[in-house]
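**Student:** File entry05.cif follows (mmCIF, C-alpha atoms and all ligand atoms):
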data_model
#
loop_
_atom_site.label_atom_id
_atom_site.label_comp_id
_atom_site.auth_asym_id
_atom_site.auth_seq_id
_atom_site.Cartn_x
_atom_site.Cartn_y
_atom_site.Cartn_z
CA MET V 619 -15.38 -30.79 3.60
CA PRO V 620 -13.23 -28.56 1.37
CA THR V 621 -11.23 -30.20 -1.38
CA ARG V 622 -7.45 -30.02 -1.20
CA TYR V 623 -6.91 -26.65 -2.82
CA ASP V 624 -10.22 -25.09 -1.80
CA CYS V 625 -8.94 -25.14 1.74
CA ASP V 626 -7.41 -21.74 2.47
CA ARG V 627 -4.85 -21.03 5.18
CA ASP V 628 -7.48 -20.24 7.82
CA ALA V 629 -9.41 -23.41 7.10
CA LEU V 630 -6.16 -25.36 7.21
CA ALA V 631 -5.28 -23.82 10.58
CA GLU V 632 -8.66 -24.90 11.86
CA LEU V 633 -8.12 -28.40 10.54
CA LEU V 634 -4.76 -28.51 12.30
CA ALA V 635 -5.99 -27.14 15.61
CA GLY V 636 -4.25 -29.02 18.39
CA GLU V 637 -1.12 -29.62 16.25
CA PRO V 638 2.04 -27.54 16.75
CA ARG V 639 1.64 -24.11 15.06
CA TYR V 640 4.40 -24.69 12.49
CA ARG V 641 2.38 -27.51 10.94
CA VAL V 642 0.21 -25.03 9.06
CA ASP V 643 3.20 -23.66 7.12
CA GLN V 644 4.60 -27.12 6.68
CA VAL V 645 1.43 -28.48 5.10
CA TRP V 646 0.72 -25.31 3.09
CA ASP V 647 4.25 -25.31 1.62
CA GLY V 648 4.06 -29.02 1.00
CA LEU V 649 0.86 -28.66 -1.04
CA HIS V 650 1.91 -25.52 -2.92
CA ARG V 651 5.73 -25.37 -3.12
CA GLN V 652 6.53 -29.06 -3.20
CA LEU V 653 3.36 -29.83 -5.17
CA ALA V 654 3.00 -32.83 -2.89
CA ALA V 655 0.04 -34.86 -1.70
CA PRO V 656 -0.33 -35.11 2.11
CA SER V 657 0.79 -38.75 1.98
CA GLU V 658 4.11 -37.62 0.51
CA LEU V 659 4.90 -35.15 3.28
CA THR V 660 7.26 -37.38 5.18
CA THR V 661 8.09 -34.69 7.71
CA LEU V 662 4.57 -35.18 9.12
CA PRO V 663 3.61 -37.96 11.51
CA LYS V 664 2.04 -40.86 9.70
CA ALA V 665 -1.35 -40.53 11.37
CA LEU V 666 -1.58 -36.87 10.39
CA ARG V 667 -0.70 -37.68 6.78
CA ALA V 668 -3.48 -40.22 6.70
CA ARG V 669 -5.96 -37.80 8.26
CA LEU V 670 -5.12 -35.06 5.75
CA GLU V 671 -5.45 -37.47 2.82
CA ASP V 672 -8.88 -38.22 4.16
CA GLU V 673 -10.03 -34.74 5.05
CA LEU V 674 -8.47 -32.89 2.11
CA PRO V 675 -9.36 -35.05 -0.88
CA PRO V 676 -8.31 -33.88 -4.36
CA ALA V 677 -11.05 -32.26 -6.46
CA LEU V 678 -9.92 -33.67 -9.80
CA THR V 679 -10.11 -37.29 -10.85
CA PRO V 680 -8.26 -37.99 -14.11
CA VAL V 681 -10.55 -39.77 -16.57
CA ALA V 682 -8.34 -39.72 -19.64
CA GLU V 683 -4.94 -38.52 -20.66
CA SER V 684 -4.07 -37.91 -24.30
CA ARG V 685 -0.65 -37.11 -25.68
CA ASP V 686 0.37 -36.06 -29.13
CA ARG V 687 2.87 -38.26 -30.93
CA ARG V 688 5.87 -36.18 -29.99
CA GLY V 689 4.82 -35.97 -26.36
CA THR V 690 4.97 -32.18 -26.34
CA THR V 691 1.26 -31.65 -25.66
CA VAL V 692 -0.67 -33.46 -22.95
CA LYS V 693 -4.41 -33.14 -22.38
CA TRP V 694 -6.21 -34.33 -19.28
CA LEU V 695 -9.91 -34.90 -18.92
CA TYR V 696 -10.91 -34.58 -15.29
CA ALA V 697 -14.09 -35.44 -13.44
CA LEU V 698 -15.05 -33.06 -10.64
CA PRO V 699 -16.72 -34.21 -7.40
CA ASP V 700 -20.23 -33.56 -8.77
CA GLY V 701 -19.52 -35.32 -12.04
CA ALA V 702 -18.89 -32.20 -14.15
CA ARG V 703 -15.93 -32.54 -16.51
CA VAL V 704 -13.17 -30.21 -17.59
CA GLU V 705 -9.97 -30.37 -19.57
CA THR V 706 -6.47 -29.01 -18.99
CA VAL V 707 -3.70 -28.85 -21.58
CA LEU V 708 0.04 -28.82 -20.86
CA MET V 709 2.39 -27.70 -23.60
CA HIS V 710 6.13 -28.34 -23.33
CA TYR V 711 8.57 -25.95 -24.93
CA ARG V 712 12.36 -26.31 -24.80
CA ASP V 713 12.90 -25.71 -21.11
CA ARG V 714 9.59 -24.31 -19.94
CA SER V 715 6.03 -25.45 -20.06
CA THR V 716 2.73 -23.63 -20.33
CA VAL V 717 -0.51 -24.84 -18.85
CA CYS V 718 -3.87 -23.89 -20.34
CA VAL V 719 -6.49 -24.08 -17.59
CA SER V 720 -10.28 -24.15 -17.57
CA SER V 721 -12.26 -21.66 -15.50
CA GLN V 722 -15.77 -23.09 -16.01
CA ALA V 723 -17.31 -26.42 -16.97
CA GLY V 724 -18.75 -25.36 -20.31
CA CYS V 725 -19.34 -21.74 -21.28
CA ALA V 726 -22.42 -19.55 -21.61
CA MET V 727 -21.02 -17.14 -24.21
CA GLY V 728 -22.20 -19.13 -27.20
CA CYS V 729 -19.45 -18.43 -29.74
CA GLY V 730 -20.49 -20.76 -32.55
CA PHE V 731 -16.99 -21.72 -33.66
CA CYS V 732 -15.89 -22.97 -30.22
CA ALA V 733 -16.51 -26.54 -29.02
CA THR V 734 -16.93 -25.38 -25.42
CA GLY V 735 -19.49 -22.78 -26.46
CA GLN V 736 -21.34 -25.35 -28.55
CA ALA V 737 -21.80 -27.53 -25.45
CA GLY V 738 -23.26 -24.74 -23.27
CA PHE V 739 -22.70 -23.81 -19.65
CA GLU V 740 -22.60 -26.26 -16.79
CA ARG V 741 -21.07 -24.46 -13.80
CA HIS V 742 -18.30 -22.22 -12.50
CA LEU V 743 -15.16 -23.92 -11.25
CA THR V 744 -14.09 -23.25 -7.68
CA THR V 745 -10.77 -21.61 -6.88
CA GLY V 746 -9.39 -24.94 -5.71
CA GLU V 747 -10.45 -26.71 -8.91
CA ILE V 748 -8.52 -24.12 -10.91
CA VAL V 749 -5.45 -24.19 -8.66
CA GLU V 750 -5.35 -27.99 -8.69
CA GLN V 751 -5.20 -28.02 -12.50
CA VAL V 752 -2.06 -25.88 -12.27
CA VAL V 753 -0.53 -27.98 -9.48
CA ARG V 754 -1.01 -31.22 -11.41
CA ALA V 755 0.46 -29.72 -14.56
CA ALA V 756 3.41 -28.26 -12.65
CA ARG V 757 4.09 -31.68 -11.22
CA ARG V 758 4.09 -33.29 -14.62
CA ALA V 759 6.33 -30.56 -16.03
CA ARG V 760 8.75 -31.20 -13.16
CA ASP V 761 8.64 -34.97 -13.79
CA ASP V 762 9.43 -34.26 -17.44
CA GLY V 763 12.45 -32.14 -16.52
CA ARG V 764 10.89 -28.75 -17.15
CA ARG V 765 9.57 -25.86 -15.16
CA LEU V 766 6.03 -24.61 -15.39
CA GLY V 767 6.69 -21.11 -16.72
CA ASN V 768 3.32 -19.81 -17.85
CA VAL V 769 -0.32 -20.16 -16.97
CA VAL V 770 -2.97 -19.17 -19.51
CA PHE V 771 -6.72 -19.04 -18.85
CA MET V 772 -7.55 -20.24 -22.33
CA GLY V 773 -9.17 -23.57 -21.57
CA MET V 774 -12.89 -24.13 -21.13
CA GLY V 775 -15.02 -21.24 -19.98
CA GLU V 776 -14.98 -17.47 -19.80
CA PRO V 777 -12.69 -16.48 -16.91
CA LEU V 778 -14.18 -13.01 -16.46
CA ALA V 779 -17.65 -14.52 -15.97
CA ASN V 780 -16.20 -16.29 -12.90
CA LEU V 781 -13.87 -13.53 -11.82
CA ASP V 782 -14.00 -13.82 -8.02
CA ARG V 783 -12.86 -17.42 -8.05
CA VAL V 784 -10.49 -16.92 -10.95
CA TRP V 785 -8.87 -13.98 -9.21
CA ALA V 786 -8.44 -15.90 -5.95
CA ALA V 787 -6.77 -18.62 -8.04
CA VAL V 788 -4.48 -16.05 -9.71
CA GLU V 789 -3.39 -14.79 -6.29
CA ARG V 790 -2.68 -18.33 -5.12
CA ILE V 791 -0.77 -19.17 -8.30
CA HIS V 792 1.29 -15.98 -7.96
CA HIS V 793 1.95 -15.98 -4.22
CA ASP V 794 1.95 -19.66 -3.32
CA LEU V 795 2.83 -21.62 -6.46
CA GLY V 796 5.41 -19.02 -7.46
CA VAL V 797 4.32 -18.37 -11.05
CA SER V 798 4.53 -14.59 -11.31
CA ALA V 799 1.48 -12.62 -12.41
CA ARG V 800 3.52 -11.40 -15.38
CA ARG V 801 3.51 -14.98 -16.61
CA ILE V 802 -0.23 -15.41 -16.20
CA THR V 803 -2.57 -14.53 -19.06
CA ILE V 804 -6.32 -14.17 -18.81
CA SER V 805 -8.12 -14.53 -22.11
CA THR V 806 -11.57 -12.99 -22.41
CA VAL V 807 -14.25 -12.80 -25.03
CA GLY V 808 -14.66 -9.16 -23.98
CA LEU V 809 -16.63 -8.85 -20.74
CA VAL V 810 -16.11 -5.16 -20.11
CA PRO V 811 -17.00 -5.03 -16.37
CA GLY V 812 -14.48 -7.82 -15.76
CA ILE V 813 -11.75 -6.05 -17.72
CA ARG V 814 -12.36 -2.94 -15.61
CA ARG V 815 -12.13 -4.96 -12.40
CA LEU V 816 -8.89 -6.57 -13.58
CA ALA V 817 -7.41 -3.17 -14.25
CA ALA V 818 -7.98 -2.25 -10.61
CA ALA V 819 -7.01 -5.60 -9.13
CA GLY V 820 -3.38 -4.98 -8.29
CA LEU V 821 -1.50 -7.89 -9.86
CA PRO V 822 -0.23 -7.19 -13.38
CA VAL V 823 -1.58 -10.18 -15.30
CA ASN V 824 -1.61 -10.14 -19.09
CA LEU V 825 -4.86 -9.66 -20.88
CA ALA V 826 -5.76 -11.35 -24.15
CA VAL V 827 -8.94 -10.28 -25.88
CA SER V 828 -10.57 -12.70 -28.30
CA LEU V 829 -11.47 -10.23 -31.01
CA HIS V 830 -11.98 -12.27 -34.22
CA ALA V 831 -13.74 -9.34 -35.92
CA ALA V 832 -13.02 -5.62 -35.94
CA ASN V 833 -16.42 -4.32 -37.00
CA ASP V 834 -19.58 -4.70 -34.95
CA ALA V 835 -21.70 -6.31 -37.66
CA LEU V 836 -19.36 -9.28 -38.09
CA ARG V 837 -18.42 -9.49 -34.40
CA ASP V 838 -22.11 -9.54 -33.37
CA GLU V 839 -22.39 -12.69 -35.45
CA LEU V 840 -19.20 -14.46 -34.43
CA VAL V 841 -19.13 -13.43 -30.77
CA PRO V 842 -22.69 -12.83 -29.53
CA ILE V 843 -21.58 -10.96 -26.37
CA ASN V 844 -20.49 -8.14 -28.70
CA ARG V 845 -24.14 -7.07 -28.83
CA ARG V 846 -23.88 -6.22 -25.13
CA TYR V 847 -20.34 -4.79 -25.21
CA PRO V 848 -19.67 -3.42 -28.68
CA LEU V 849 -16.19 -2.64 -29.95
CA SER V 850 -16.07 1.03 -28.94
CA VAL V 851 -16.88 0.15 -25.31
CA LEU V 852 -14.51 -2.83 -25.38
CA MET V 853 -11.60 -0.81 -26.78
CA SER V 854 -12.01 1.89 -24.19
CA ALA V 855 -11.88 -0.72 -21.39
CA CYS V 856 -8.77 -2.23 -23.03
CA ALA V 857 -7.09 1.17 -23.16
CA ASP V 858 -7.84 1.75 -19.48
CA HIS V 859 -6.48 -1.68 -18.56
CA LEU V 860 -3.32 -0.93 -20.46
CA ARG V 861 -2.85 2.42 -18.78
CA ALA V 862 -3.52 0.95 -15.33
CA THR V 863 -1.25 -2.10 -15.58
CA GLY V 864 1.36 -1.20 -18.19
CA ARG V 865 1.00 -4.75 -19.49
CA ARG V 866 0.92 -5.37 -23.19
CA LEU V 867 -2.43 -6.41 -24.55
CA SER V 868 -2.95 -9.06 -27.18
CA PHE V 869 -5.79 -9.73 -29.56
CA GLU V 870 -6.69 -13.28 -30.50
CA TRP V 871 -7.88 -13.72 -34.05
CA ALA V 872 -9.09 -17.14 -35.20
CA LEU V 873 -8.83 -17.00 -39.00
CA ILE V 874 -12.02 -18.28 -40.60
CA ASP V 875 -11.95 -18.94 -44.32
CA GLY V 876 -13.46 -16.09 -46.33
CA THR V 877 -15.03 -14.62 -43.17
CA ASN V 878 -12.44 -12.56 -41.33
CA ASP V 879 -9.33 -13.08 -43.46
CA ARG V 880 -9.93 -10.41 -46.10
CA ALA V 881 -7.88 -7.27 -46.74
CA SER V 882 -10.65 -5.13 -45.22
CA ASP V 883 -10.52 -7.23 -42.03
CA ALA V 884 -6.77 -6.65 -41.79
CA ARG V 885 -7.26 -2.89 -42.21
CA GLU V 886 -9.98 -2.72 -39.53
CA LEU V 887 -7.94 -4.89 -37.17
CA ALA V 888 -4.86 -2.72 -37.68
CA GLU V 889 -6.86 0.35 -36.83
CA LEU V 890 -8.01 -1.12 -33.52
CA ALA V 891 -4.58 -2.54 -32.64
CA ARG V 892 -2.86 0.77 -33.32
CA GLY V 893 -5.58 2.83 -31.66
CA LEU V 894 -4.54 1.74 -28.15
CA PRO V 895 -2.04 3.65 -25.96
CA LEU V 896 0.42 0.79 -26.67
CA PRO V 897 -0.18 -1.14 -29.91
CA ALA V 898 -1.73 -4.56 -29.31
CA HIS V 899 0.03 -7.72 -30.39
CA VAL V 900 -2.08 -9.96 -32.60
CA ASN V 901 -2.13 -13.75 -32.28
CA LEU V 902 -3.40 -15.37 -35.44
CA ILE V 903 -4.85 -18.85 -35.00
CA PRO V 904 -6.14 -20.67 -38.07
CA LEU V 905 -9.60 -21.78 -36.87
CA ASN V 906 -9.47 -25.33 -35.54
CA PRO V 907 -12.23 -27.68 -36.62
CA THR V 908 -15.11 -28.37 -34.20
CA PRO V 909 -18.19 -30.56 -34.77
CA GLY V 910 -20.72 -27.71 -34.73
CA PHE V 911 -19.19 -25.18 -37.10
CA GLY V 912 -19.17 -25.66 -40.84
CA THR V 913 -16.78 -23.03 -42.15
CA PRO V 914 -13.17 -24.21 -42.10
CA GLY V 915 -10.12 -22.33 -40.94
CA SER V 916 -8.20 -20.23 -43.45
CA PRO V 917 -5.78 -22.34 -45.48
CA PRO V 918 -2.05 -21.66 -44.95
CA ALA V 919 -1.71 -19.36 -47.97
CA ARG V 920 -4.51 -17.07 -46.77
CA VAL V 921 -3.06 -17.10 -43.25
CA GLU V 922 0.29 -15.97 -44.65
CA ARG V 923 -1.35 -13.34 -46.79
CA PHE V 924 -3.28 -11.93 -43.83
CA HIS V 925 -0.10 -11.95 -41.73
CA GLY V 926 1.66 -10.04 -44.51
CA TRP V 927 -1.09 -7.41 -44.70
CA LEU V 928 -0.83 -6.83 -40.95
CA ARG V 929 2.94 -6.53 -41.22
CA ASP V 930 2.58 -3.96 -43.99
CA LEU V 931 0.13 -2.05 -41.79
CA GLY V 932 2.68 -1.95 -38.98
CA VAL V 933 1.01 -4.48 -36.69
CA ASN V 934 3.01 -7.10 -34.79
CA ALA V 935 1.42 -10.48 -35.28
CA THR V 936 2.36 -14.09 -34.63
CA VAL V 937 0.83 -17.15 -36.23
CA ARG V 938 0.17 -19.74 -33.55
CA ARG V 939 1.01 -23.26 -34.48
CA ASN V 940 -1.89 -25.66 -34.22
CA ARG V 941 -0.62 -27.44 -31.16
CA GLY V 942 -2.67 -30.35 -30.01
CA VAL V 943 -5.02 -30.65 -33.01
CA GLU V 944 -4.43 -34.40 -33.29
CA ILE V 945 -5.72 -34.90 -29.73
CA ASP V 946 -8.46 -32.23 -29.90
CA ALA V 947 -6.47 -30.14 -27.44
CA ALA V 948 -6.04 -27.07 -29.63
CA CYS V 949 -7.73 -23.69 -29.05
CA GLY V 950 -11.49 -23.99 -29.06
CA GLN V 951 -11.57 -27.78 -29.24
CA LEU V 952 -12.08 -28.56 -25.56
CA ALA V 953 -15.38 -30.33 -25.11
CA ALA V 954 -14.64 -32.59 -22.12
CA ARG V 955 -15.63 -35.78 -23.90
CA VAL V 956 -13.83 -39.06 -23.59
CA PRO V 957 -11.87 -39.46 -26.85
CA ALA V 958 -13.16 -42.06 -29.31
CA PRO V 959 -11.16 -45.27 -28.81
CA GLY V 960 -8.57 -46.01 -31.45
CA ARG V 961 -8.98 -42.71 -33.23
CA ARG V 962 -6.37 -40.85 -31.27
CA PRO V 963 -3.43 -41.64 -29.08
CA VAL V 964 -5.29 -42.08 -25.83
CA GLU V 965 -4.20 -43.42 -22.58
CA VAL V 966 -5.78 -43.58 -19.16
CA SER V 967 -2.58 -44.32 -17.44
CA ALA V 968 -1.71 -45.00 -13.85
CA ARG V 969 0.59 -42.03 -14.19
CA ALA V 970 -2.38 -39.74 -14.68
CA ARG V 971 -3.77 -40.52 -11.26
N1 LIG H 1001 -13.45 -17.70 -23.09
C1 LIG H 1001 -12.17 -17.16 -23.26
C2 LIG H 1001 -11.03 -18.13 -23.04
C3 LIG H 1001 -11.15 -19.53 -23.60
S1 LIG H 1001 -11.11 -19.72 -25.35
C4 LIG H 1001 -12.04 -16.51 -24.62
O1 LIG H 1001 -12.88 -16.73 -25.47
O2 LIG H 1001 -11.08 -15.75 -24.79
C5 LIG H 1001 -9.39 -19.53 -25.78
C6 LIG H 1001 -9.18 -19.00 -27.19
O3 LIG H 1001 -9.52 -19.97 -28.19
C7 LIG H 1001 -10.02 -17.77 -27.49
O4 LIG H 1001 -9.22 -16.81 -28.13
C8 LIG H 1001 -11.06 -18.33 -28.42
O5 LIG H 1001 -11.66 -17.34 -29.21
C9 LIG H 1001 -10.25 -19.31 -29.22
N2 LIG H 1001 -11.04 -20.27 -29.98
C10 LIG H 1001 -12.27 -20.73 -29.70
N3 LIG H 1001 -12.66 -21.63 -30.63
C11 LIG H 1001 -11.64 -21.75 -31.51
C12 LIG H 1001 -11.41 -22.55 -32.67
N4 LIG H 1001 -12.32 -23.40 -33.10
N5 LIG H 1001 -10.24 -22.40 -33.31
C13 LIG H 1001 -9.28 -21.55 -32.86
N6 LIG H 1001 -9.43 -20.79 -31.76
C14 LIG H 1001 -10.59 -20.88 -31.09
FE1 LIG H 1002 -16.73 -19.33 -24.29
FE2 LIG H 1002 -14.34 -18.44 -25.12
FE3 LIG H 1002 -15.54 -20.53 -26.32
FE4 LIG H 1002 -16.54 -18.07 -26.64
S1 LIG H 1002 -14.53 -18.80 -27.33
S2 LIG H 1002 -17.72 -19.94 -26.20
S3 LIG H 1002 -16.15 -17.21 -24.64
S4 LIG H 1002 -14.79 -20.47 -24.24
#
As structure tokens, how would this structure be written, given the file I've shared?

**Tutor:**
Amino acid sequence: MPTRYDCDRDALAELLAGEPRYRVDQVWDGLHRQLAAPSELTTLPKALRARLEDELPPALTPVAESRDRRGTTVKWLYALPDGARVETVLMHYRDRSTVCVSSQAGCAMGCGFCATGQAGFERHLTTGEIVEQVVRAARRARDDGRRLGNVVFMGMGEPLANLDRVWAAVERIHHDLGVSARRITISTVGLVPGIRRLAAAGLPVNLAVSLHAANDALRDELVPINRRYPLSVLMSACADHLRATGRRLSFEWALIDGTNDRASDARELAELARGLPLPAHVNLIPLNPTPGFGTPGSPPARVERFHGWLRDLGVNATVRRNRGVEIDAACGQLAARVPAPGRRPVEVSARAR
């Protein structure tokens, strides 16, 4: 039995065989446009609603919901049907919201500074498990008086290691949920074959590359996959992606104290950013703390200094605020563990379900 959003149109048509033909559109739009559960589709006969609730169960069961004090960041911990766990983060801005979705339970890439990498790989998420994260977040954004404006694949997992399912989810999010590909960002640690496939895929999603180091010696250490796809190969794939899609590329740079926040790092980074057909935008993220990595993030003064060097070198950079740190929802902190009681504002509320 497929879960609610793993059921594609054909499977839904099969499920609705014997019903009037227009039911397929009605149910599909209800699930995707109205973000509704079958039981809420009051245009359907009661018995059919009940049958669909039964035969199209949701894939995600909320286990915990954490909110920061100001209520602008919400993190959900979900259990999947086989017991695997993932997290989703919703960030509210003034009138729009952004959801950060997971593409895998765990991650096999082994970046030492990342809580997901520290935990290792469990399994790929299905298309429906990805889409349902977006649907649930879009619903909450709507309840909170906002519109879900952006989807970023920056949660748990490496999206390009699960590209078939991720891409099917992107198509569904674009065509059926109505979040345009231009507002979808896929973040990758630098899987070159995946970047090349994205370039040819047809929908102009944004690409973010988690660089963190701009010379191979340091990047080999911080991001082990660099040994397979070194910087020269990675940059040439980035350039091709840029030429094929016309979408701006961004580099993610987690600033690690004394490690990649020196003047020489800024110079090397500037060279790579300016070496592309369109200069890359750099997102600076002071490294967030995780249990398995000893070196702290760069303190604010070093972050500012690094930002200044980049500016002087003609590189556009933004410092990302540490959203969600107090609930372990910030970049690299997703570990899919139930939060320690009392330590953080935690709630497993009826609303989450
Ligand atoms: N696997 C993908 C997407 C998920 S990680 C990738 O690596 O791009 C999302 C972002 O968080 C990446 O840029 C990643 O490098 C960054 N990140 C990981 N651990 C972090 C940490 N402890 N502090 C700040 N950013 C971190
Ligand atoms: Fe995986 Fe990205 Fe974390 Fe690296 S930073 S371990 S690729 S989730």

**Student:** Residues of chain V within 7 Å of ligand LIG 1001 (chain H): nearest atom pair and distance (Å, one decimal) for each, counting all atoms listed in the file, sorted by chain and number, as a Markdown table?

**Tutor:**
| residue | atom | partner | partner_atom | distance |
| --- | --- | --- | --- | --- |
| V:Phe731 | CA | H:LIG1001 | N4 | 5.0 |
| V:Cys732 | CA | H:LIG1001 | N3 | 3.5 |
| V:Ala733 | CA | H:LIG1001 | N3 | 6.4 |
| V:Phe771 | CA | H:LIG1001 | C2 | 6.1 |
| V:Met772 | CA | H:LIG1001 | C3 | 3.9 |
| V:Gly773 | CA | H:LIG1001 | C3 | 4.9 |
| V:Met774 | CA | H:LIG1001 | C3 | 5.5 |
| V:Gly775 | CA | H:LIG1001 | N1 | 5.0 |
| V:Glu776 | CA | H:LIG1001 | N1 | 3.6 |
| V:Pro777 | CA | H:LIG1001 | N1 | 6.3 |
| V:Ser805 | CA | H:LIG1001 | O2 | 4.2 |
| V:Thr806 | CA | H:LIG1001 | O2 | 3.7 |
| V:Val807 | CA | H:LIG1001 | O1 | 4.2 |
| V:Ala826 | CA | H:LIG1001 | O2 | 6.9 |
| V:Val827 | CA | H:LIG1001 | O2 | 6.0 |
| V:Ser828 | CA | H:LIG1001 | O4 | 4.3 |
| V:Glu870 | CA | H:LIG1001 | O4 | 4.9 |
| V:Trp871 | CA | H:LIG1001 | O4 | 6.8 |
| V:Ala872 | CA | H:LIG1001 | C13 | 5.0 |
| V:Ile903 | CA | H:LIG1001 | C13 | 5.6 |
| V:Pro904 | CA | H:LIG1001 | C13 | 6.1 |
| V:Leu905 | CA | H:LIG1001 | N5 | 3.7 |
| V:Asn906 | CA | H:LIG1001 | N5 | 3.8 |
| V:Pro907 | CA | H:LIG1001 | N4 | 5.5 |
| V:Thr908 | CA | H:LIG1001 | N4 | 5.8 |
| V:Cys949 | CA | H:LIG1001 | O3 | 4.2 |
| V:Gly950 | CA | H:LIG1001 | N3 | 3.1 |
| V:Gln951 | CA | H:LIG1001 | N4 | 5.9 |

**Student:** Counting all atoms listed in the file, what is within 12 Å of Arg955 (chain V), bar same-chain residues fewer than 3 positions away, as a list in words?

**Tutor:** Val681, Ala682, Glu683, Ser684, Lys693, Trp694, Leu695, Tyr696, Ala697, Ala702, Arg703, Val704, Glu705, Ala723, Gly724, Ala733, Thr734, Ala737, Ile945, Asp946, Ala947, Gln951, Leu952, Ala958 and Pro959 of chain V

**Student:** Write out as JSON an axis-aligned box for ligand LIG 1002 (chain H): all of its atoms listed in the file, 6 Å added on each side, centre and edge lengths in Å with one decimal.

**Tutor:**
{"center_x": -16.0, "center_y": -18.9, "center_z": -25.8, "size_x": 15.4, "size_y": 15.3, "size_z": 15.1}

**Student:** Under the rule that all atoms listed in the file are counted, which of V:Gly912, V:Gly812, V:Gly738, V:Pro656 is the nearest residue to ligand LIG 1002 (chain H)?

**Tutor:** V:Gly738

**Student:** Using all atoms listed in the file, which protein or nucleic acid residues come within 12 Å of Arg641 (chain V)? Drop anything in the same chain fewer than 2 positions from it, and give the result as an MDAnalysis selection string.

**Tutor:** chainID V and resid 627 630:639 643:648 656 659 661:663 666:667 670

**Student:** So which one's closest to Gly808 (chain V), V:Met727, V:Ala787, V:Arg754, V:Thr863? Using all atoms listed in the file, please.

**Tutor:**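 Closest residue, counting all atoms listed in the file: V:Met727.
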
**Student:** Out of V:Met709, V:Cys856, V:Leu809, V:Val749, which residue has the shortest atom-to-atom distance to Arg765 (chain V) when counting only C-alpha atoms?

**Tutor:** V:Met709

**Student:** Report the distance between CA of Ala818 (chain V) and CA of Asp794 (chain V) in Å, rounded to one decimal place.

**Tutor:**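 CA of Asp794 (chain V) lies at a distance of 21.3 Å from CA of Ala818 (chain V).
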
**Student:** Just give me the gap between CA of Arg880 (chain V) and CA of Ala835 (chain V) in Å, one decimal is fine.

**Tutor:**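 Straight-line distance from CA of Arg880 (chain V) to CA of Ala835 (chain V) works out to 15.1 Å.
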